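K.L.:
Please read through the structure below; I'll follow up with questions.
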Amino acid sequence: MDQTEAASGDVVLEFKEDVALTEKMRLRVSSLQRSGQKRQDGERLLLPHEAVYRLDFGHQELSFLRWNVSLVGSGRVTITGISQHWTPDLTHLMTRQLLEPVGTFWRGPDDDLKWLEADVQEFGERIAELAKVRKVMYFLFAFKDGAEPPQLQCSLAFTAC
């Protein structure tokens with residue numbers, strides 16, 4: 001499990017790419033392109049600069065503390081929560097299942113890492129609420145303006161209640 005407990009008792013959960021699910025979603029896009037079909041009404045297709053990540057919750061009762069984000073170089077990363085549970089077969093991502101607010105982190109060529117404090121605070125609290133009824137939660141990570149997955153380290157810190 002990708003979970004660590006700091007000496008203080010905090011629970012730190014690291015976002016990990018769900019490579020298999022990301023690939024399934026990419027196959028859906030290429031299948032539609034090859035067959036000339038259109039996406040389903042309300043379906044959200046994965047864009048080339050996006051990937052699906054996940055958090056695995058070992059504790060169900062969590063209180064959000066902080067985001068731990070490190071982005072090497074300049075770029076922008078937007079993290080969107082997904083409310084749906086995936087099944088082993090391909091379940092299409094629908095736009096109505098994307099949560100608000102999103103977490104956006106960015107860095108210019110000569111800047112420190114920046115984010116919208118109120119949005120990421122509310123987002124972290126919402127994730128802690130969803131952890132009460134979930135073992136796993138999925139997220140859509142969008143890498144823009146030069147950001148790449150290897151440049152990002154991202155985790156959340158919680159207190160176990």
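The chains in the structure tokens are called A, B, ... from first to last as shown; in each chain the residues are counted from 1, and the ligands are counted from 1 in the order shown.
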Would you please give, as a list of chain:residue names, all residues of range 44-128 of chain A that DSSP assigns to helix (DSSP H, G or I) based on the backbone?

P.N.:
A:Thr95, A:Arg96, A:Gln97, A:Glu117, A:Ala118, A:Asp119, A:Val120, A:Gln121, A:Glu122, A:Phe123, A:Gly124, A:Glu125, A:Arg126, A:Ile127, A:Ala128

K.L.:
Restricted to N, CA and C atoms, what would the selected residues look like written as a tab-separated table (two decimals), in the first residue's frame?

P.N.:
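Below is the file out.tsv, written as the result:
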chain	number	residue	atom	x	y	z
A	95	THR	N	-18.60	13.28	-17.81
A	95	THR	CA	-18.27	14.61	-17.29
A	95	THR	C	-18.98	14.90	-15.98
A	96	ARG	N	-20.18	14.37	-15.78
A	96	ARG	CA	-20.91	14.63	-14.53
A	96	ARG	C	-20.23	13.99	-13.33
A	97	GLN	N	-19.25	13.11	-13.55
A	97	GLN	CA	-18.56	12.44	-12.46
A	97	GLN	C	-17.26	13.14	-12.05
A	117	GLU	N	-5.04	28.55	-2.78
A	117	GLU	CA	-5.12	27.97	-1.43
A	117	GLU	C	-6.52	27.49	-1.06
A	118	ALA	N	-7.54	28.30	-1.30
A	118	ALA	CA	-8.90	27.92	-0.90
A	118	ALA	C	-9.37	26.69	-1.65
A	119	ASP	N	-9.07	26.61	-2.95
A	119	ASP	CA	-9.50	25.46	-3.75
A	119	ASP	C	-8.82	24.17	-3.30
A	120	VAL	N	-7.51	24.21	-3.09
A	120	VAL	CA	-6.82	22.98	-2.71
A	120	VAL	C	-7.19	22.56	-1.29
A	121	GLN	N	-7.49	23.53	-0.43
A	121	GLN	CA	-7.94	23.19	0.93
A	121	GLN	C	-9.30	22.48	0.86
A	122	GLU	N	-10.24	23.07	0.13
A	122	GLU	CA	-11.57	22.47	-0.01
A	122	GLU	C	-11.49	21.10	-0.68
A	123	PHE	N	-10.64	20.98	-1.70
A	123	PHE	CA	-10.46	19.72	-2.41
A	123	PHE	C	-9.92	18.64	-1.46
A	124	GLY	N	-8.92	18.98	-0.67
A	124	GLY	CA	-8.36	18.03	0.29
A	124	GLY	C	-9.40	17.59	1.31
A	125	GLU	N	-10.21	18.51	1.79
A	125	GLU	CA	-11.27	18.17	2.74
A	125	GLU	C	-12.32	17.27	2.10
A	126	ARG	N	-12.62	17.52	0.85
A	126	ARG	CA	-13.59	16.68	0.14
A	126	ARG	C	-13.05	15.25	-0.04
A	127	ILE	N	-11.76	15.14	-0.33
A	127	ILE	CA	-11.15	13.81	-0.46
A	127	ILE	C	-11.24	13.06	0.88
A	128	ALA	N	-10.98	13.76	1.99
A	128	ALA	CA	-11.09	13.12	3.31
A	128	ALA	C	-12.51	12.64	3.56

K.L.:
Which range 12-122 of chain A residues have any atom within 7 Å of an atom of range 129-142 of chain A, and for each, what is the nearest pair of atoms with distance in Å to one decimal, counting only C-alpha atoms, rows sorted by chain and number, as a Markdown table?

P.N.:
| residue | atom | partner | partner_atom | distance |
| --- | --- | --- | --- | --- |
| A:His49 | CA | A:Ala142 | CA | 5.8 |
| A:Glu50 | CA | A:Ala142 | CA | 4.4 |
| A:Ala51 | CA | A:Phe141 | CA | 5.4 |
| A:Val52 | CA | A:Leu140 | CA | 4.8 |
| A:Tyr53 | CA | A:Phe139 | CA | 5.1 |
| A:Arg54 | CA | A:Tyr138 | CA | 4.4 |
| A:Leu55 | CA | A:Met137 | CA | 5.3 |
| A:Asp56 | CA | A:Val136 | CA | 4.5 |
| A:Phe57 | CA | A:Lys135 | CA | 4.9 |
| A:Gly58 | CA | A:Lys135 | CA | 6.9 |
| A:Gln60 | CA | A:Lys132 | CA | 4.5 |
| A:Glu61 | CA | A:Lys132 | CA | 5.6 |
| A:Val77 | CA | A:Ala142 | CA | 5.6 |
| A:Thr78 | CA | A:Ala142 | CA | 5.1 |
| A:Ile79 | CA | A:Phe141 | CA | 4.7 |
| A:Thr80 | CA | A:Leu140 | CA | 5.1 |
| A:Gly81 | CA | A:Phe139 | CA | 4.5 |
| A:Ile82 | CA | A:Phe139 | CA | 5.4 |

K.L.:
From the options A:Val29, A:Leu13, A:Leu113, A:Leu21, which residue's atoms come nearest to Val72 in chain A, counting only C-alpha atoms?

P.N.:
A:Leu113

K.L.:
What is the distance, in Å and to one decimal place, between CA of Thr104 in chain A and CA of Leu45 in chain A?

P.N.:
20.0 Å

K.L.:
Using only C-alpha atoms, which residue out of A:Leu99, A:Leu156, A:Val19, A:Leu93 lies closest to Arg66 in chain A?

P.N.:
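Smallest distance to Arg66 in chain A is found for A:Leu156.
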
K.L.:
For Arg28 in chain A, list every protein, DNA or RNA residue within 9 Å, evaluated using only C-alpha atoms, and leave out those in the same chain fewer than 2 positions away; present the list as a list of chain:residue names.

P.N.:
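After dropping sequence-adjacent residues, the list is A:Glu23, A:Lys24, A:Met25, A:Arg26, A:Ser30, A:Ser31, A:Leu32, A:Gln33, A:Leu45, A:Leu46, A:Leu90, A:His92.
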
K.L.:
Save the residues we just selected, all heavy atoms, as an mmCIF file, in the first residue's frame?

P.N.:
data_model
loop_
_atom_site.group_PDB
_atom_site.id
_atom_site.type_symbol
_atom_site.label_atom_id
_atom_site.label_comp_id
_atom_site.auth_asym_id
_atom_site.auth_seq_id
_atom_site.Cartn_x
_atom_site.Cartn_y
_atom_site.Cartn_z
ATOM 1 N N GLU A 23 -4.328 3.345 -19.767
ATOM 2 C CA GLU A 23 -4.197 2.686 -21.074
ATOM 3 C C GLU A 23 -5.571 2.305 -21.630
ATOM 4 O O GLU A 23 -5.827 2.470 -22.819
ATOM 5 C CB GLU A 23 -3.289 1.463 -20.963
ATOM 6 C CG GLU A 23 -3.024 0.781 -22.294
ATOM 7 C CD GLU A 23 -2.400 1.689 -23.352
ATOM 8 O OE1 GLU A 23 -1.695 2.645 -23.008
ATOM 9 O OE2 GLU A 23 -2.626 1.424 -24.550
ATOM 10 N N LYS A 24 -6.456 1.780 -20.790
ATOM 11 C CA LYS A 24 -7.812 1.447 -21.249
ATOM 12 C C LYS A 24 -8.523 2.677 -21.790
ATOM 13 O O LYS A 24 -9.213 2.615 -22.807
ATOM 14 C CB LYS A 24 -8.647 0.847 -20.111
ATOM 15 C CG LYS A 24 -8.364 -0.599 -19.841
ATOM 16 C CD LYS A 24 -9.312 -1.122 -18.777
ATOM 17 C CE LYS A 24 -9.039 -2.570 -18.487
ATOM 18 N NZ LYS A 24 -9.971 -3.124 -17.503
ATOM 19 N N MET A 25 -8.349 3.800 -21.087
ATOM 20 C CA MET A 25 -9.002 5.031 -21.536
ATOM 21 C C MET A 25 -8.388 5.538 -22.842
ATOM 22 O O MET A 25 -9.087 6.071 -23.693
ATOM 23 C CB MET A 25 -8.955 6.076 -20.441
ATOM 24 C CG MET A 25 -9.833 5.682 -19.250
ATOM 25 S SD MET A 25 -9.828 6.899 -17.936
ATOM 26 C CE MET A 25 -10.832 8.179 -18.686
ATOM 27 N N ARG A 26 -7.076 5.358 -23.014
ATOM 28 C CA ARG A 26 -6.434 5.747 -24.277
ATOM 29 C C ARG A 26 -6.910 4.840 -25.421
ATOM 30 O O ARG A 26 -7.114 5.293 -26.547
ATOM 31 C CB ARG A 26 -4.919 5.680 -24.149
ATOM 32 C CG ARG A 26 -4.347 6.740 -23.245
ATOM 33 C CD ARG A 26 -2.861 6.907 -23.411
ATOM 34 N NE ARG A 26 -2.250 7.632 -22.323
ATOM 35 C CZ ARG A 26 -2.468 8.896 -22.004
ATOM 36 N NH1 ARG A 26 -3.319 9.603 -22.694
ATOM 37 N NH2 ARG A 26 -1.846 9.471 -20.977
ATOM 38 N N SER A 30 -8.607 5.802 -29.127
ATOM 39 C CA SER A 30 -8.111 5.328 -30.425
ATOM 40 C C SER A 30 -9.142 4.447 -31.123
ATOM 41 O O SER A 30 -9.261 4.481 -32.351
ATOM 42 C CB SER A 30 -6.767 4.612 -30.281
ATOM 43 O OG SER A 30 -6.894 3.466 -29.485
ATOM 44 N N SER A 31 -9.909 3.678 -30.381
ATOM 45 C CA SER A 31 -10.955 2.847 -30.967
ATOM 46 C C SER A 31 -12.028 3.712 -31.634
ATOM 47 O O SER A 31 -12.475 3.421 -32.750
ATOM 48 C CB SER A 31 -11.583 1.960 -29.887
ATOM 49 O OG SER A 31 -12.711 1.287 -30.386
ATOM 50 N N LEU A 32 -12.426 4.779 -30.952
ATOM 51 C CA LEU A 32 -13.419 5.679 -31.535
ATOM 52 C C LEU A 32 -12.871 6.363 -32.787
ATOM 53 O O LEU A 32 -13.576 6.514 -33.781
ATOM 54 C CB LEU A 32 -13.850 6.746 -30.516
ATOM 55 C CG LEU A 32 -14.739 6.268 -29.372
ATOM 56 C CD1 LEU A 32 -14.960 7.398 -28.369
ATOM 57 C CD2 LEU A 32 -16.068 5.752 -29.888
ATOM 58 N N GLN A 33 -11.599 6.759 -32.735
ATOM 59 C CA GLN A 33 -10.983 7.418 -33.889
ATOM 60 C C GLN A 33 -10.902 6.469 -35.082
ATOM 61 O O GLN A 33 -11.205 6.857 -36.208
ATOM 62 C CB GLN A 33 -9.596 7.942 -33.530
ATOM 63 C CG GLN A 33 -9.638 9.123 -32.603
ATOM 64 C CD GLN A 33 -8.260 9.515 -32.089
ATOM 65 O OE1 GLN A 33 -7.319 8.717 -32.088
ATOM 66 N NE2 GLN A 33 -8.143 10.754 -31.625
ATOM 67 N N LEU A 45 -13.520 11.976 -22.744
ATOM 68 C CA LEU A 45 -12.405 11.191 -23.273
ATOM 69 C C LEU A 45 -11.084 11.706 -22.718
ATOM 70 O O LEU A 45 -10.913 12.905 -22.500
ATOM 71 C CB LEU A 45 -12.393 11.251 -24.799
ATOM 72 C CG LEU A 45 -13.615 10.659 -25.505
ATOM 73 C CD1 LEU A 45 -13.513 10.865 -27.004
ATOM 74 C CD2 LEU A 45 -13.773 9.186 -25.171
ATOM 75 N N LEU A 46 -10.156 10.804 -22.520
ATOM 76 C CA LEU A 46 -8.838 11.152 -22.013
ATOM 77 C C LEU A 46 -8.048 11.868 -23.103
ATOM 78 O O LEU A 46 -7.956 11.389 -24.236
ATOM 79 C CB LEU A 46 -8.112 9.874 -21.582
ATOM 80 C CG LEU A 46 -6.879 10.039 -20.726
ATOM 81 C CD1 LEU A 46 -7.244 10.608 -19.373
ATOM 82 C CD2 LEU A 46 -6.179 8.704 -20.549
ATOM 83 N N LEU A 90 -14.312 -1.890 -18.999
ATOM 84 C CA LEU A 90 -14.120 -0.455 -19.241
ATOM 85 C C LEU A 90 -15.414 0.298 -18.964
ATOM 86 O O LEU A 90 -16.412 0.128 -19.644
ATOM 87 C CB LEU A 90 -13.673 -0.228 -20.693
ATOM 88 C CG LEU A 90 -13.462 1.222 -21.099
ATOM 89 C CD1 LEU A 90 -12.408 1.885 -20.206
ATOM 90 C CD2 LEU A 90 -13.040 1.312 -22.544
ATOM 91 N N HIS A 92 -16.906 3.949 -18.978
ATOM 92 C CA HIS A 92 -16.561 5.246 -19.566
ATOM 93 C C HIS A 92 -16.650 6.363 -18.529
ATOM 94 O O HIS A 92 -17.533 6.362 -17.678
ATOM 95 C CB HIS A 92 -17.461 5.551 -20.755
ATOM 96 C CG HIS A 92 -17.450 4.470 -21.791
ATOM 97 N ND1 HIS A 92 -16.297 3.884 -22.252
ATOM 98 C CD2 HIS A 92 -18.464 3.852 -22.431
ATOM 99 C CE1 HIS A 92 -16.603 2.956 -23.156
ATOM 100 N NE2 HIS A 92 -17.902 2.919 -23.272
#

K.L.:
Looking at only C-alpha atoms, which of A:Phe158, A:Phe15, A:Trp115, A:Phe105 is the one that sits closest to Arg76 in chain A?

P.N.:
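Checking each of A:Phe158, A:Phe15, A:Trp115, A:Phe105 against Arg76 in chain A, counting only C-alpha atoms, the winner is A:Phe105.
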
K.L.:
Between CA of Gly73 in chain A and CA of Val11 in chain A, what is the distance, to one decimal in Å?

P.N.:
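According to the coordinates, CA of Gly73 in chain A and CA of Val11 in chain A are separated by 27.6 Å.
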
K.L.:
Just list the residues in range 1-158 of chain A DSSP gives strand (DSSP E) on the backbone, as a VMD selection string.

P.N.:
chain A and resid 3 to 5 10 to 14 16 to 17 50 to 56 62 to 71 75 to 82 103 to 107 114 to 115 136 to 144 152 to 158

K.L.:
Looking at A:Thr91, A:Ser63, A:Gln84, A:Ser74, which one is nearest to Ala157 in chain A, with distances taken over only C-alpha atoms?

P.N.:
A:Ser63

K.L.:
Go through A:Leu65, A:Leu71, A:Leu47, A:Ala20 and flag the residue nearest Glu148 in chain A, using only C-alpha atoms for the distances.

P.N.:
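Looking only at the distances to Glu148 in chain A, the closest residue turns out to be A:Leu71.
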
K.L.:
I need the residue nearest Thr159 in chain A from this list: A:Asp145, A:Asp10, A:Glu43, A:Trp86. Use only C-alpha atoms for the distance.

P.N.:
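Checking each of A:Asp145, A:Asp10, A:Glu43, A:Trp86 against Thr159 in chain A, counting only C-alpha atoms, the winner is A:Asp10.
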
K.L.:
Show me, as a ChimeraX atom specification, the residues that have an atom within 6 Å of Gly75 in chain A when counting only C-alpha atoms, minus same-chain residues fewer than 2 positions from it.

P.N.:
/A:106-107,144-147
